[in-house]
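Each remark here refers to the structure printed beneath this line.
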Amino acid sequence: MENVVPPQITTELTQILSNLVLGDNEIRSNAEKAVNERLEQTPELYLLALTQFATAADTEVMRSFSLVLLRRLLFRSPVNQRLSLYDQLSAHALSTLERLLLHSLSHEPSVVVRRKAVDTVCDLANNAMSRGRPWHALQAQSFSMAESNDALARESAFRVFAGCPNLIMDLQTETVLAVLEKGLQDPQSVEVRHAALRASVSFLSATEHNQLAQVMSLMYPMLNTLPYLSHSQLPSFLSTLTPLASSHPQLFAPHLHNLLKFLPGLIIPSSDPGPTPTVARPNPAGGSSFVFPPPSADEKGKSPATGDLSADDEEAEEVRKAALEFMLSLSEARPSMVRRVDGWTTAIVRGCLASMGEIPEEETTIWLEADPAEDPTDDTYPHVYEQSLDRLACALGGKAVLPPAFSDIPGMLASHDWRMRHAGLMAIAAIAEGTAKVMQNELGRIVDLVTPMFADPHPRVRYAACQCIGQLCTDLEEVIQEQYHQQLLNVLIHTLEAPEPRVHAHAAAALINFCEGVERDILLPYLDPIVERLLKLLNPGASGEGKQPKRYVQEQAITTLAMVADASEATFAKHYSAIMPLLLNVLQNANTPEYRKLRVKAMECAGLIAIAVGRDVFRPDSAQFIELLMRIQNSPPDPSDTMLGHYLIATWAKVCQAMGPEFEPYLPVVMPPLLIAASAKADVSVYDEDESAEEKDGWETISMDGRQVGIKTSAIEEKCQAFETLVIYCSTLGPRFAPYLSQSLELVLPSLRFFFHEGVREASAMLVPMLLHCGKLSNTLTHQMVSASFSQLVNCIGIENDVSFLASLYKCFSDSLRVVGGPTALPQEIQDGVIEATKRQLQALADRRKSRANLPANDIRDDKEELMLLEEMEDFALEDMGKMLHAFDANHPLLVAISSVRELGLHLGQWDSSEEGGHEG
């Protein structure tokens with residue numbers, strides 16, 4: 001192509017770009033500075049030069065880098081400028097830039113660089129269209145390339161359609177379907193078929209709901225790409241289809257029976273890890289060939305489809321995971337649809353059960369010796385299949401999942417292979433949450449199946465039994481503890497003396513789950529043997545055994561003692577004198593880095609025991625405990641110790657709860673760091689599309705508006721904890737908290753709109769009436785505090801979109817109203833403001849309910865559980881809204897409006913409930 005910029009500019013840019021890719025930080029930094037300077041001075045010239053370089057550079061690396069850089073720069077706004085560089089370009093420069101990119105798209109010889117060109121072209125096209133500048137030349141060239149004899153050109157065309165579906169959305173449906181179908185059937189290139197599949201998914205995802213019926217015929221050629229793939233190719237195709245299964249599951253409804261003849265052969269392992277006959281592994285239709293739809297009997301053998309059972313294990317594993325994720329996504333998106341397909345749930349369950357038994361035999365010794373937090377065998381453990389069972393159970397419920405699961409699990413528990421026994425126990429744990437409602441009916445049989453496994457000769461099976469019971473205690477909380485406490489505690493207490501540290505530590509962990517849902521009177525008869533054995537784990541030397549305990553066992557024993565104390569309350573006082581000195585000794589002496597976790601667990605345990613036994617028992621040790629906490633708090637900060645701050649705040653709160661009003665003198669010690677934690681801002685990083693989000697501890701990455709956004713969740717969690725601690729201090733100390741009333745309100749009121757964390761907002765809503773009450777009792781409540789509090793509440797009510805938090809806001813308003821003496825204590829503008837905000841919220845709720853009432857009956861039935869939950873939250877909001885209005889006027893006219901909005905609900909109880917919904921329990 002001809003040069004569009006002077007040669008000297010090209011030469012200069014070549015040098016700058018060469019420096020940008022160097023490893024030397026100083027040289028690269030200077031090059032970045034040079035790029036920014038040139039773009040500020042002459043943006044058109046250097047953007048065109050960069051585009052030209054992307055088509056003409058000598059190396060693939062530099063052409064690829066230029067395209068990535070161009071994509072990143074085009075829609076970036078320079079410093080102190082509102083418009084992006086793209087928006088500053090003249091029409092001539094834009095046309096030239098587009099022409100150069102189209103040349104790169106059609107002539108670039110490298111596959112890798114061509115794909116970078118596609119990404120840049122799509123980004124440019126999407127942003128241009130959003131600004132009202134359609135790129136007709138790209139549309140024409142893409143359709144031309146789709147008909148090219150060059151496979152790379154065809155692939156690029158379909159990649160463009162996938163990345164920019166607007167290019168084809170407004171064309172005649174028949175034309176689009178013909179082009180996409182031809183790509184899906186490309187006879188020469190798997191890459192072209194995959195690109196066409198991506199384009200088809202993108203097209204269907206962008207199609208309006210009421211137009212889907214016109215394009216559903218595309219589903220057959222899309223699914224028919226699957227049978228002719230090798231194991232190495234299947235995962236990418238299945239992964240491309242999976243998002244569509246989540247967003248538009250109804251498109252797959254006509255094909256479920258055929259899919260069921262194809263997919264089980266991918267997810268059920270081709271050979272047993274053991275000879276147990278109870279886990280069926282049906283062969284796929286046609287033996288080792290997978291055809292969609294499966295061929296009739298006389299056509300078998302004619303298909304070139306390759307289910308290639310001889311593919312290596314790693315490829316087979318990737319296929320299995322991709323097929324499983326596809327089936328799960330459909331199940332989660334439309335539970336009622338897949339429940340009606342016989343064998344669908346059974347295939348997923350059996351695939352997961354068989355795969356859960358694939359644990360490397362030779363790793364048992366390593367597992368036994370490993371610290372659970374640093375277990376190298378964790379990388380080879382089949383976590384994904386446990387998680388898949390959990391997801392399936394939560395989506396489909398107990399009626400669908402329990403029968404196929406328990407047709408195999410009893411046989412697995414009787415298998416000679418310990419891995420199958422282990423898998424059976426872990427499977428029960430995995431499905432307990434989603435099937436809890438139905439599982440209750442068979443709980444006695446399940447307990448009878450599981451408890452004998454505590455005597456299993458293999459330590460990993462006994463470990464799995466602890467895991468199973470612990471999970472059942474959580475997911476069937478109170479029910480299993482009340483009905484089967486004797487069986488469970490007998491085996492758990494005995495297992496506390498198991499010879500293997502990992503097993504007896506996990507038995508201690510399961511006891512925590514048991515204690516969280518147990519009545520005090522049930523636990524008390526077992527308190528002495530539990531505490532006796534936990535003390536042995538914590539301090540075996542005291543019993544004369546002389547063993548050096550594993551540190552993680554001591555940590556677990558301390559944590560379990562804390563929960564046992566919490567559950568047994570004042571009765572735990574009989575063991576106080578044996579345990580508290582040990583904990584204080586840990587706090588006094590465990591100062592080195594390897595004992596960090598032990599120290600914070602001891603802090604937590606001592607605080608919970610103090611609450612359990614009460615202030616009179618705790619008082620003699622309170623001064624020493626507080627002195628140790630102050631010493632720890634005032635020690636030089638260690639940036640690598642991420643646990644200490646969290647546990648210090650939590651322990652101080654427990655000490656406050658234990659001491660009650662006697663804690664007041666320590667407020668000057670605990671409040672400064674607490675207020676700092678409560679005032680923390682959200683730490684957010686936004687990544688460009690070409691940037692990889694950096695993986696850092698304490699951070700979470702989410703997708704927002706097409707970009708990756710990193711949020712420092714650790715800091716936000718600490719902020720939430722600080723607000724929850726303020727609730728404890730204010731509620732416990734009442735008027736004694738008054739010195740911190742003003743500072744707390746200044747933090748709390750803005751945090752009613754802290755959208756990064758629901759817990760911060762909920763705690764803030766609880767705190768407002770508490771703080772006002774504190775001020776009233778201490779005679780420190782000012783008119784300004786009242787006015788600021790109610791003004792912020794009115795503002796939040798007026799703009800709140802989260803119906804769940806809306807209920808909290810109205811409750812906060814009502815509670816605060818009672819504190820200040822009713823509506824007459826408020827300025828008239830605040831009274832008027834909350835009524836106007838309430839009118840708007842009522843109208844919004846009415847509009848939502850009317851919209852839902854117009855949904856097709858099948859959609860309502862399929863999404864029944866979700867809709868019921870949503871309407872329940874709306875009813876809570878309406879109830880709290882009504883209480884607030886009643887405080888203004890028992891006959892307020894808006895109370896009639898609330899009743900009317902209630903009547904607009906779907907009243908889902910009338911719908912057919914014969915099919916069990918999703919999440920239960």
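Order determines the names: the first chain of the structure tokens is A, the second B, and so forth; residues in each chain are numbered 1 upward, and ligands are numbered 1 upward as they are shown.
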
Spatial neighbours of range 4-15 of chain A, max dist 7 Å, only C-alpha atoms, sep filter under 3 positions, as a tab-separated table (two decimals) with N, CA and C atoms, in the first residue's frame:
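This is the output file selection-v3.tsv:
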```
chain	number	residue	atom	x	y	z
A	18	SER	N	9.80	0.03	18.91
A	18	SER	CA	10.85	-0.95	19.24
A	18	SER	C	11.25	-0.80	20.69
A	19	ASN	N	11.30	0.44	21.17
A	19	ASN	CA	11.67	0.67	22.57
A	19	ASN	C	10.55	0.23	23.53
A	45	LEU	N	-1.74	12.30	12.76
A	45	LEU	CA	-0.53	11.85	12.06
A	45	LEU	C	0.00	10.56	12.66
A	49	ALA	N	0.08	6.77	11.32
A	49	ALA	CA	1.39	6.12	11.21
A	49	ALA	C	1.37	4.76	11.90
```

Per residue of range 489-514 of chain A within 10 Å of range 371-384 of chain A, what are the shortest atom pair and its distance in Å to one decimal, counting only C-alpha atoms, with rows by chain and residue number, as JSON lines?
```
{"residue": "A:Pro501", "atom": "CA", "partner": "A:Asp371", "partner_atom": "CA", "distance": 9.4}
{"residue": "A:Arg502", "atom": "CA", "partner": "A:Pro372", "partner_atom": "CA", "distance": 7.6}
{"residue": "A:Ala505", "atom": "CA", "partner": "A:Pro372", "partner_atom": "CA", "distance": 9.8}
{"residue": "A:His506", "atom": "CA", "partner": "A:Pro372", "partner_atom": "CA", "distance": 9.8}
```

Export of the given selection (N, CA and C atoms) as a PDB file, in the first residue's frame:
```pdb
ATOM      1  N   PRO A 501      -3.476 -37.164  61.909  1.00  0.00           N
ATOM      2  CA  PRO A 501      -3.809 -35.761  62.205  1.00  0.00           C
ATOM      3  C   PRO A 501      -4.863 -35.183  61.258  1.00  0.00           C
ATOM      4  N   ARG A 502      -4.777 -35.502  59.971  1.00  0.00           N
ATOM      5  CA  ARG A 502      -5.741 -34.906  59.043  1.00  0.00           C
ATOM      6  C   ARG A 502      -7.153 -35.409  59.322  1.00  0.00           C
ATOM      7  N   ALA A 505      -8.318 -33.882  62.862  1.00  0.00           N
ATOM      8  CA  ALA A 505      -8.559 -32.447  62.699  1.00  0.00           C
ATOM      9  C   ALA A 505      -9.874 -32.203  61.955  1.00  0.00           C
ATOM     10  N   HIS A 506     -10.171 -33.055  60.960  1.00  0.00           N
ATOM     11  CA  HIS A 506     -11.407 -32.858  60.202  1.00  0.00           C
ATOM     12  C   HIS A 506     -12.627 -33.267  61.026  1.00  0.00           C
TER      13      HIS A 506
END
```

Expected answer as a PDB file with C-alpha atoms, in the first residue's frame: helix (DSSP H, G or I) residues in range 561-755 of chain A:
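Once written, result-v8.pdb looks like this:
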```pdb
ATOM      1  CA  LEU A 561     -13.410 -25.276  71.383  1.00  0.00           C
ATOM      2  CA  ALA A 562     -14.649 -21.764  70.596  1.00  0.00           C
ATOM      3  CA  MET A 563     -17.758 -23.113  68.841  1.00  0.00           C
ATOM      4  CA  VAL A 564     -18.409 -25.678  71.583  1.00  0.00           C
ATOM      5  CA  ALA A 565     -18.204 -22.894  74.164  1.00  0.00           C
ATOM      6  CA  ASP A 566     -20.565 -20.732  72.126  1.00  0.00           C
ATOM      7  CA  ALA A 567     -23.087 -23.575  71.838  1.00  0.00           C
ATOM      8  CA  SER A 568     -22.926 -24.684  75.482  1.00  0.00           C
ATOM      9  CA  GLU A 569     -23.027 -21.118  76.888  1.00  0.00           C
ATOM     10  CA  ALA A 570     -22.679 -20.729  80.674  1.00  0.00           C
ATOM     11  CA  THR A 571     -22.239 -24.474  81.241  1.00  0.00           C
ATOM     12  CA  PHE A 572     -18.824 -24.155  79.628  1.00  0.00           C
ATOM     13  CA  ALA A 573     -17.658 -22.346  82.769  1.00  0.00           C
ATOM     14  CA  LYS A 574     -16.643 -25.718  84.301  1.00  0.00           C
ATOM     15  CA  HIS A 575     -13.907 -25.992  81.653  1.00  0.00           C
ATOM     16  CA  TYR A 576     -12.908 -22.331  81.730  1.00  0.00           C
ATOM     17  CA  SER A 577      -9.985 -22.732  84.117  1.00  0.00           C
ATOM     18  CA  ALA A 578      -8.460 -25.517  82.013  1.00  0.00           C
ATOM     19  CA  ILE A 579      -8.631 -23.665  78.732  1.00  0.00           C
ATOM     20  CA  MET A 580      -8.242 -19.914  79.272  1.00  0.00           C
ATOM     21  CA  PRO A 581      -4.667 -20.171  80.666  1.00  0.00           C
ATOM     22  CA  LEU A 582      -3.638 -22.146  77.573  1.00  0.00           C
ATOM     23  CA  LEU A 583      -5.087 -19.459  75.301  1.00  0.00           C
ATOM     24  CA  LEU A 584      -3.444 -16.623  77.222  1.00  0.00           C
ATOM     25  CA  ASN A 585      -0.167 -18.513  77.027  1.00  0.00           C
ATOM     26  CA  VAL A 586      -0.493 -18.724  73.239  1.00  0.00           C
ATOM     27  CA  LEU A 587      -1.140 -14.976  73.031  1.00  0.00           C
ATOM     28  CA  GLN A 588       1.823 -14.316  75.292  1.00  0.00           C
ATOM     29  CA  ASN A 589       4.345 -16.477  73.446  1.00  0.00           C
ATOM     30  CA  PRO A 593       5.338 -15.737  61.807  1.00  0.00           C
ATOM     31  CA  GLU A 594       4.635 -19.480  61.726  1.00  0.00           C
ATOM     32  CA  TYR A 595       2.302 -19.087  64.723  1.00  0.00           C
ATOM     33  CA  ARG A 596       0.245 -16.205  63.307  1.00  0.00           C
ATOM     34  CA  LYS A 597      -2.831 -18.297  62.606  1.00  0.00           C
ATOM     35  CA  LEU A 598      -2.627 -20.058  65.965  1.00  0.00           C
ATOM     36  CA  ARG A 599      -2.458 -16.701  67.727  1.00  0.00           C
ATOM     37  CA  VAL A 600      -5.484 -15.199  66.014  1.00  0.00           C
ATOM     38  CA  LYS A 601      -7.474 -18.391  66.545  1.00  0.00           C
ATOM     39  CA  ALA A 602      -6.600 -18.190  70.250  1.00  0.00           C
ATOM     40  CA  MET A 603      -7.817 -14.571  70.321  1.00  0.00           C
ATOM     41  CA  GLU A 604     -11.098 -15.564  68.718  1.00  0.00           C
ATOM     42  CA  CYS A 605     -11.571 -18.547  71.015  1.00  0.00           C
ATOM     43  CA  ALA A 606     -10.871 -16.545  74.178  1.00  0.00           C
ATOM     44  CA  GLY A 607     -13.395 -13.913  73.094  1.00  0.00           C
ATOM     45  CA  LEU A 608     -16.129 -16.473  72.417  1.00  0.00           C
ATOM     46  CA  ILE A 609     -15.447 -18.256  75.712  1.00  0.00           C
ATOM     47  CA  ALA A 610     -15.662 -14.914  77.531  1.00  0.00           C
ATOM     48  CA  ILE A 611     -19.110 -14.333  76.044  1.00  0.00           C
ATOM     49  CA  ALA A 612     -20.208 -17.896  76.855  1.00  0.00           C
ATOM     50  CA  VAL A 613     -19.200 -17.897  80.523  1.00  0.00           C
ATOM     51  CA  ARG A 615     -18.507 -11.317  82.777  1.00  0.00           C
ATOM     52  CA  ASP A 616     -18.352 -12.630  86.330  1.00  0.00           C
ATOM     53  CA  VAL A 617     -16.309 -15.706  85.335  1.00  0.00           C
ATOM     54  CA  PHE A 618     -14.263 -13.779  82.762  1.00  0.00           C
ATOM     55  CA  ARG A 619     -13.565 -10.712  84.948  1.00  0.00           C
ATOM     56  CA  PRO A 620     -10.431 -12.077  86.741  1.00  0.00           C
ATOM     57  CA  ASP A 621      -8.708 -12.660  83.391  1.00  0.00           C
ATOM     58  CA  SER A 622     -10.129  -9.681  81.519  1.00  0.00           C
ATOM     59  CA  ALA A 623      -7.321  -7.275  82.418  1.00  0.00           C
ATOM     60  CA  GLN A 624      -4.574  -9.679  81.280  1.00  0.00           C
ATOM     61  CA  PHE A 625      -6.447 -10.543  78.090  1.00  0.00           C
ATOM     62  CA  ILE A 626      -7.021  -6.879  77.255  1.00  0.00           C
ATOM     63  CA  GLU A 627      -3.389  -6.054  78.017  1.00  0.00           C
ATOM     64  CA  LEU A 628      -2.259  -8.766  75.588  1.00  0.00           C
ATOM     65  CA  LEU A 629      -4.645  -7.477  72.913  1.00  0.00           C
ATOM     66  CA  MET A 630      -3.335  -3.938  73.377  1.00  0.00           C
ATOM     67  CA  ARG A 631       0.239  -5.175  73.101  1.00  0.00           C
ATOM     68  CA  ILE A 632      -0.566  -7.012  69.892  1.00  0.00           C
ATOM     69  CA  GLN A 633      -2.416  -3.978  68.511  1.00  0.00           C
ATOM     70  CA  ASN A 634       0.463  -1.623  69.326  1.00  0.00           C
ATOM     71  CA  LEU A 644      -4.363  -9.854  62.389  1.00  0.00           C
ATOM     72  CA  GLY A 645      -6.428  -6.706  61.771  1.00  0.00           C
ATOM     73  CA  HIS A 646      -9.597  -8.683  61.077  1.00  0.00           C
ATOM     74  CA  TYR A 647      -9.249 -10.859  64.162  1.00  0.00           C
ATOM     75  CA  LEU A 648      -8.305  -7.932  66.428  1.00  0.00           C
ATOM     76  CA  ILE A 649     -11.436  -5.999  65.503  1.00  0.00           C
ATOM     77  CA  ALA A 650     -13.583  -9.125  65.931  1.00  0.00           C
ATOM     78  CA  THR A 651     -12.021 -10.008  69.303  1.00  0.00           C
ATOM     79  CA  TRP A 652     -12.418  -6.505  70.724  1.00  0.00           C
ATOM     80  CA  ALA A 653     -16.100  -6.729  69.786  1.00  0.00           C
ATOM     81  CA  LYS A 654     -16.425 -10.047  71.635  1.00  0.00           C
ATOM     82  CA  VAL A 655     -14.735  -8.582  74.721  1.00  0.00           C
ATOM     83  CA  CYS A 656     -17.223  -5.709  74.610  1.00  0.00           C
ATOM     84  CA  GLN A 657     -20.134  -8.167  74.446  1.00  0.00           C
ATOM     85  CA  ALA A 658     -18.677 -10.131  77.378  1.00  0.00           C
ATOM     86  CA  MET A 659     -17.965  -7.109  79.605  1.00  0.00           C
ATOM     87  CA  GLY A 660     -20.986  -4.966  78.750  1.00  0.00           C
ATOM     88  CA  PRO A 661     -20.822  -1.456  80.269  1.00  0.00           C
ATOM     89  CA  GLU A 662     -17.440  -2.281  81.887  1.00  0.00           C
ATOM     90  CA  PHE A 663     -15.870  -2.058  78.423  1.00  0.00           C
ATOM     91  CA  GLU A 664     -16.401   1.718  78.190  1.00  0.00           C
ATOM     92  CA  PRO A 665     -12.862   2.688  79.395  1.00  0.00           C
ATOM     93  CA  TYR A 666     -11.347   0.827  76.444  1.00  0.00           C
ATOM     94  CA  LEU A 667     -13.237   2.731  73.742  1.00  0.00           C
ATOM     95  CA  PRO A 668     -10.317   5.188  73.247  1.00  0.00           C
ATOM     96  CA  VAL A 669      -8.132   2.143  72.490  1.00  0.00           C
ATOM     97  CA  VAL A 670     -10.406   0.384  70.024  1.00  0.00           C
ATOM     98  CA  MET A 671     -12.228   3.204  68.257  1.00  0.00           C
ATOM     99  CA  PRO A 672      -9.399   4.964  66.355  1.00  0.00           C
ATOM    100  CA  PRO A 673      -8.355   1.922  64.283  1.00  0.00           C
ATOM    101  CA  LEU A 674     -12.005   0.924  63.898  1.00  0.00           C
ATOM    102  CA  LEU A 675     -12.967   4.323  62.484  1.00  0.00           C
ATOM    103  CA  ILE A 676     -10.029   4.140  60.077  1.00  0.00           C
ATOM    104  CA  ALA A 677     -11.222   0.741  58.833  1.00  0.00           C
ATOM    105  CA  ALA A 678     -14.794   2.012  58.523  1.00  0.00           C
ATOM    106  CA  THR A 713     -12.499  -7.195  48.296  1.00  0.00           C
ATOM    107  CA  SER A 714     -10.257  -7.665  51.335  1.00  0.00           C
ATOM    108  CA  ALA A 715     -10.427  -3.931  52.157  1.00  0.00           C
ATOM    109  CA  ILE A 716     -14.189  -3.845  51.564  1.00  0.00           C
ATOM    110  CA  GLU A 717     -14.691  -6.868  53.823  1.00  0.00           C
ATOM    111  CA  GLU A 718     -12.718  -5.093  56.560  1.00  0.00           C
ATOM    112  CA  LYS A 719     -14.917  -2.028  56.082  1.00  0.00           C
ATOM    113  CA  CYS A 720     -18.021  -4.187  56.458  1.00  0.00           C
ATOM    114  CA  GLN A 721     -16.604  -5.801  59.588  1.00  0.00           C
ATOM    115  CA  ALA A 722     -15.900  -2.352  61.040  1.00  0.00           C
ATOM    116  CA  PHE A 723     -19.514  -1.287  60.507  1.00  0.00           C
ATOM    117  CA  GLU A 724     -20.830  -4.509  62.041  1.00  0.00           C
ATOM    118  CA  THR A 725     -18.552  -3.882  65.034  1.00  0.00           C
ATOM    119  CA  LEU A 726     -19.943  -0.358  65.403  1.00  0.00           C
ATOM    120  CA  VAL A 727     -23.381  -1.998  65.664  1.00  0.00           C
ATOM    121  CA  ILE A 728     -22.089  -4.160  68.547  1.00  0.00           C
ATOM    122  CA  TYR A 729     -20.447  -1.249  70.406  1.00  0.00           C
ATOM    123  CA  CYS A 730     -23.438   1.062  70.002  1.00  0.00           C
ATOM    124  CA  SER A 731     -26.051  -1.540  70.948  1.00  0.00           C
ATOM    125  CA  THR A 732     -24.009  -2.841  73.917  1.00  0.00           C
ATOM    126  CA  LEU A 733     -22.907   0.480  75.399  1.00  0.00           C
ATOM    127  CA  GLY A 734     -25.921   2.667  74.589  1.00  0.00           C
ATOM    128  CA  PRO A 735     -25.414   6.218  75.875  1.00  0.00           C
ATOM    129  CA  ARG A 736     -21.806   5.409  76.854  1.00  0.00           C
ATOM    130  CA  PHE A 737     -20.996   5.385  73.136  1.00  0.00           C
ATOM    131  CA  ALA A 738     -21.935   9.073  72.875  1.00  0.00           C
ATOM    132  CA  PRO A 739     -18.335  10.440  72.527  1.00  0.00           C
ATOM    133  CA  TYR A 740     -18.184   8.746  69.134  1.00  0.00           C
ATOM    134  CA  LEU A 741     -21.714   9.551  68.010  1.00  0.00           C
ATOM    135  CA  SER A 742     -20.855  12.426  65.683  1.00  0.00           C
ATOM    136  CA  GLN A 743     -17.904  10.662  63.993  1.00  0.00           C
ATOM    137  CA  SER A 744     -19.929   7.508  63.520  1.00  0.00           C
ATOM    138  CA  LEU A 745     -22.868   9.321  61.928  1.00  0.00           C
ATOM    139  CA  GLU A 746     -20.522  11.086  59.513  1.00  0.00           C
ATOM    140  CA  LEU A 747     -19.346   7.660  58.328  1.00  0.00           C
ATOM    141  CA  VAL A 748     -22.671   5.855  58.452  1.00  0.00           C
ATOM    142  CA  LEU A 749     -24.921   8.217  56.497  1.00  0.00           C
ATOM    143  CA  PRO A 750     -22.883   8.275  53.250  1.00  0.00           C
ATOM    144  CA  SER A 751     -22.414   4.504  53.538  1.00  0.00           C
TER     145      SER A 751
END
```

With a distance cut-off of 8 Å and only C-alpha atoms, select the neighbouring residues of Pro404 in chain A, excluding the residue or stretch itself and same-chain residues fewer than 5 positions from it, and output the selection as a PyMOL selection string. chain A and resi 345-346+349-350

What would the file look like if the residues just selected were written as a PDB file, in the first residue's frame with C-alpha atoms?
```pdb
ATOM      1  CA  THR A 345     -30.103 -35.801  35.124  1.00  0.00           C
ATOM      2  CA  THR A 346     -28.945 -39.422  35.383  1.00  0.00           C
ATOM      3  CA  VAL A 349     -24.991 -37.560  38.037  1.00  0.00           C
ATOM      4  CA  ARG A 350     -23.278 -40.723  36.822  1.00  0.00           C
TER       5      ARG A 350
END
```

Write out as a tab-separated table a residue-level contact list of range 454-540 of chain A versus range 424-436 of chain A with cut-off 10 Å: for each qualifying residue the closest pair of atoms and the distance in Å to one decimal, counting only C-alpha atoms, rows sorted by chain and residue number upward.
```
residue	atom	partner	partner_atom	distance
A:Val461	CA	A:Leu425	CA	7.8
A:Arg462	CA	A:Leu425	CA	9.4
A:Tyr463	CA	A:Leu425	CA	9.5
A:Ala464	CA	A:Leu425	CA	5.9
A:Ala465	CA	A:Leu425	CA	6.1
A:Cys466	CA	A:Leu425	CA	9.1
A:Gln467	CA	A:Ala429	CA	6.9
A:Cys468	CA	A:Ala429	CA	4.6
A:Ile469	CA	A:Ala429	CA	7.5
A:Gly470	CA	A:Ala429	CA	8.2
A:Gln471	CA	A:Ala429	CA	5.5
A:Leu472	CA	A:Ala432	CA	6.3
A:Cys473	CA	A:Ala432	CA	9.6
A:Thr474	CA	A:Glu433	CA	8.4
A:Asp475	CA	A:Glu433	CA	5.1
A:Leu476	CA	A:Ala436	CA	6.1
A:Glu477	CA	A:Ala436	CA	9.6
```

So that I can see what lies close to range 55-59 of chain A, please list as a ChimeraX atom specification the residues with an atom at most 12 Å from it, counting only C-alpha atoms and leaving out residues fewer than 5 positions away in the same chain. /A:1-4,10-11,13-15,17-18,48-50,64-67,97,99-110,112-114,116-117

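Residue nearest Ile860 in chain A within the list A:Leu241, A:Cys164, A:Ile797, A:Leu906: A:Leu906 [criterion: smallest interatomic distance, only C-alpha atoms].
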
Residues at most 12 Å from range 901-905 of chain A, counting only C-alpha atoms, excluding those fewer than 5 positions away in the same chain, as number ranges by chain? A: 839, 841-854, 867-879, 881-882, 894-896, 910

Between CA of His194 in chain A and CA of Ser230 in chain A lies a distance of 13.1 Å

List the spatial neighbours of Pro893 in chain A as an mmCIF file with N, CA and C atoms, in the first residue's frame - criterion: any atom at most 12 Å away, only C-alpha atoms, same-chain residues fewer than 6 positions off excluded.
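Result file follows (part_12.cif):
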```
data_model
loop_
_atom_site.group_PDB
_atom_site.id
_atom_site.type_symbol
_atom_site.label_atom_id
_atom_site.label_comp_id
_atom_site.auth_asym_id
_atom_site.auth_seq_id
_atom_site.Cartn_x
_atom_site.Cartn_y
_atom_site.Cartn_z
ATOM 1 N N ILE A 835 -42.783 11.052 51.421
ATOM 2 C CA ILE A 835 -44.055 10.651 50.807
ATOM 3 C C ILE A 835 -43.929 10.630 49.289
ATOM 4 N N THR A 838 -41.913 7.670 48.252
ATOM 5 C CA THR A 838 -42.709 6.455 48.401
ATOM 6 C C THR A 838 -43.683 6.287 47.240
ATOM 7 N N LYS A 839 -44.248 7.393 46.785
ATOM 8 C CA LYS A 839 -45.142 7.319 45.613
ATOM 9 C C LYS A 839 -44.387 6.775 44.405
ATOM 10 N N GLY A 882 -45.500 0.214 54.507
ATOM 11 C CA GLY A 882 -46.776 0.428 55.180
ATOM 12 C C GLY A 882 -46.598 0.834 56.637
ATOM 13 N N LEU A 885 -45.664 4.504 56.703
ATOM 14 C CA LEU A 885 -46.804 5.373 56.415
ATOM 15 C C LEU A 885 -47.786 5.403 57.582
ATOM 16 N N HIS A 886 -47.932 4.253 58.240
ATOM 17 C CA HIS A 886 -48.850 4.179 59.389
ATOM 18 C C HIS A 886 -48.401 5.118 60.500
ATOM 19 N N SER A 899 -51.886 -1.825 49.177
ATOM 20 C CA SER A 899 -52.722 -3.020 49.014
ATOM 21 C C SER A 899 -52.954 -3.331 47.542
ATOM 22 N N SER A 900 -53.127 -2.286 46.748
ATOM 23 C CA SER A 900 -53.356 -2.489 45.313
ATOM 24 C C SER A 900 -52.138 -3.090 44.641
#
```

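Within the 12 Å cut-off around Ser787 in chain A, using only C-alpha atoms and omitting residues fewer than 4 positions from it on the same chain, the listed residues are A:Leu745, A:Leu749, A:Leu772, A:Leu781, A:Thr782, A:His783, A:Ser791, A:Gln792, A:Leu793, A:Val794, A:Ser816, A:Leu817, A:Val820, A:Pro823, A:Ala825, A:Leu826, A:Pro827, A:Gln828, A:Glu829, A:Ile830, A:Gln831.
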
Please indicate the distance in Å from CA of Ser217 in chain A to CA of His136 in chain A, rounded to one decimal place. 27.3 Å

Can you measure CA of Cys515 in chain A to CA of Glu482 in chain A for me? One decimal in Å is fine.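 Pair CA of Cys515 in chain A / CA of Glu482 in chain A returns 11.2 Å.
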
Restricting the calculation to only C-alpha atoms, which member of A:Ala788, A:Met884, A:Leu124, A:Gln250 is positioned closest to Phe75 in chain A?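 Using only C-alpha atoms, Phe75 in chain A sits closest to A:Leu124.
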
Nearest to Val438 in chain A: which of A:Ala400, A:Ser635, A:His458, A:Pro529 is it, counting only C-alpha atoms? A:Ala400

Give the answer as one residue: which of A:Glu147, A:Ala507, A:Ser77, A:Asp641 has the shortest atom-to-atom distance to Ala178 in chain A, using only C-alpha atoms?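 For Ala178 in chain A, the nearest of the candidates is A:Glu147.
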
List every residue of range 678-837 of chain A that DSSP, applied to the backbone, labels as strand (DSSP E), and write the result as a PyMOL selection string. chain A and resi 684-687+700-704+707-711
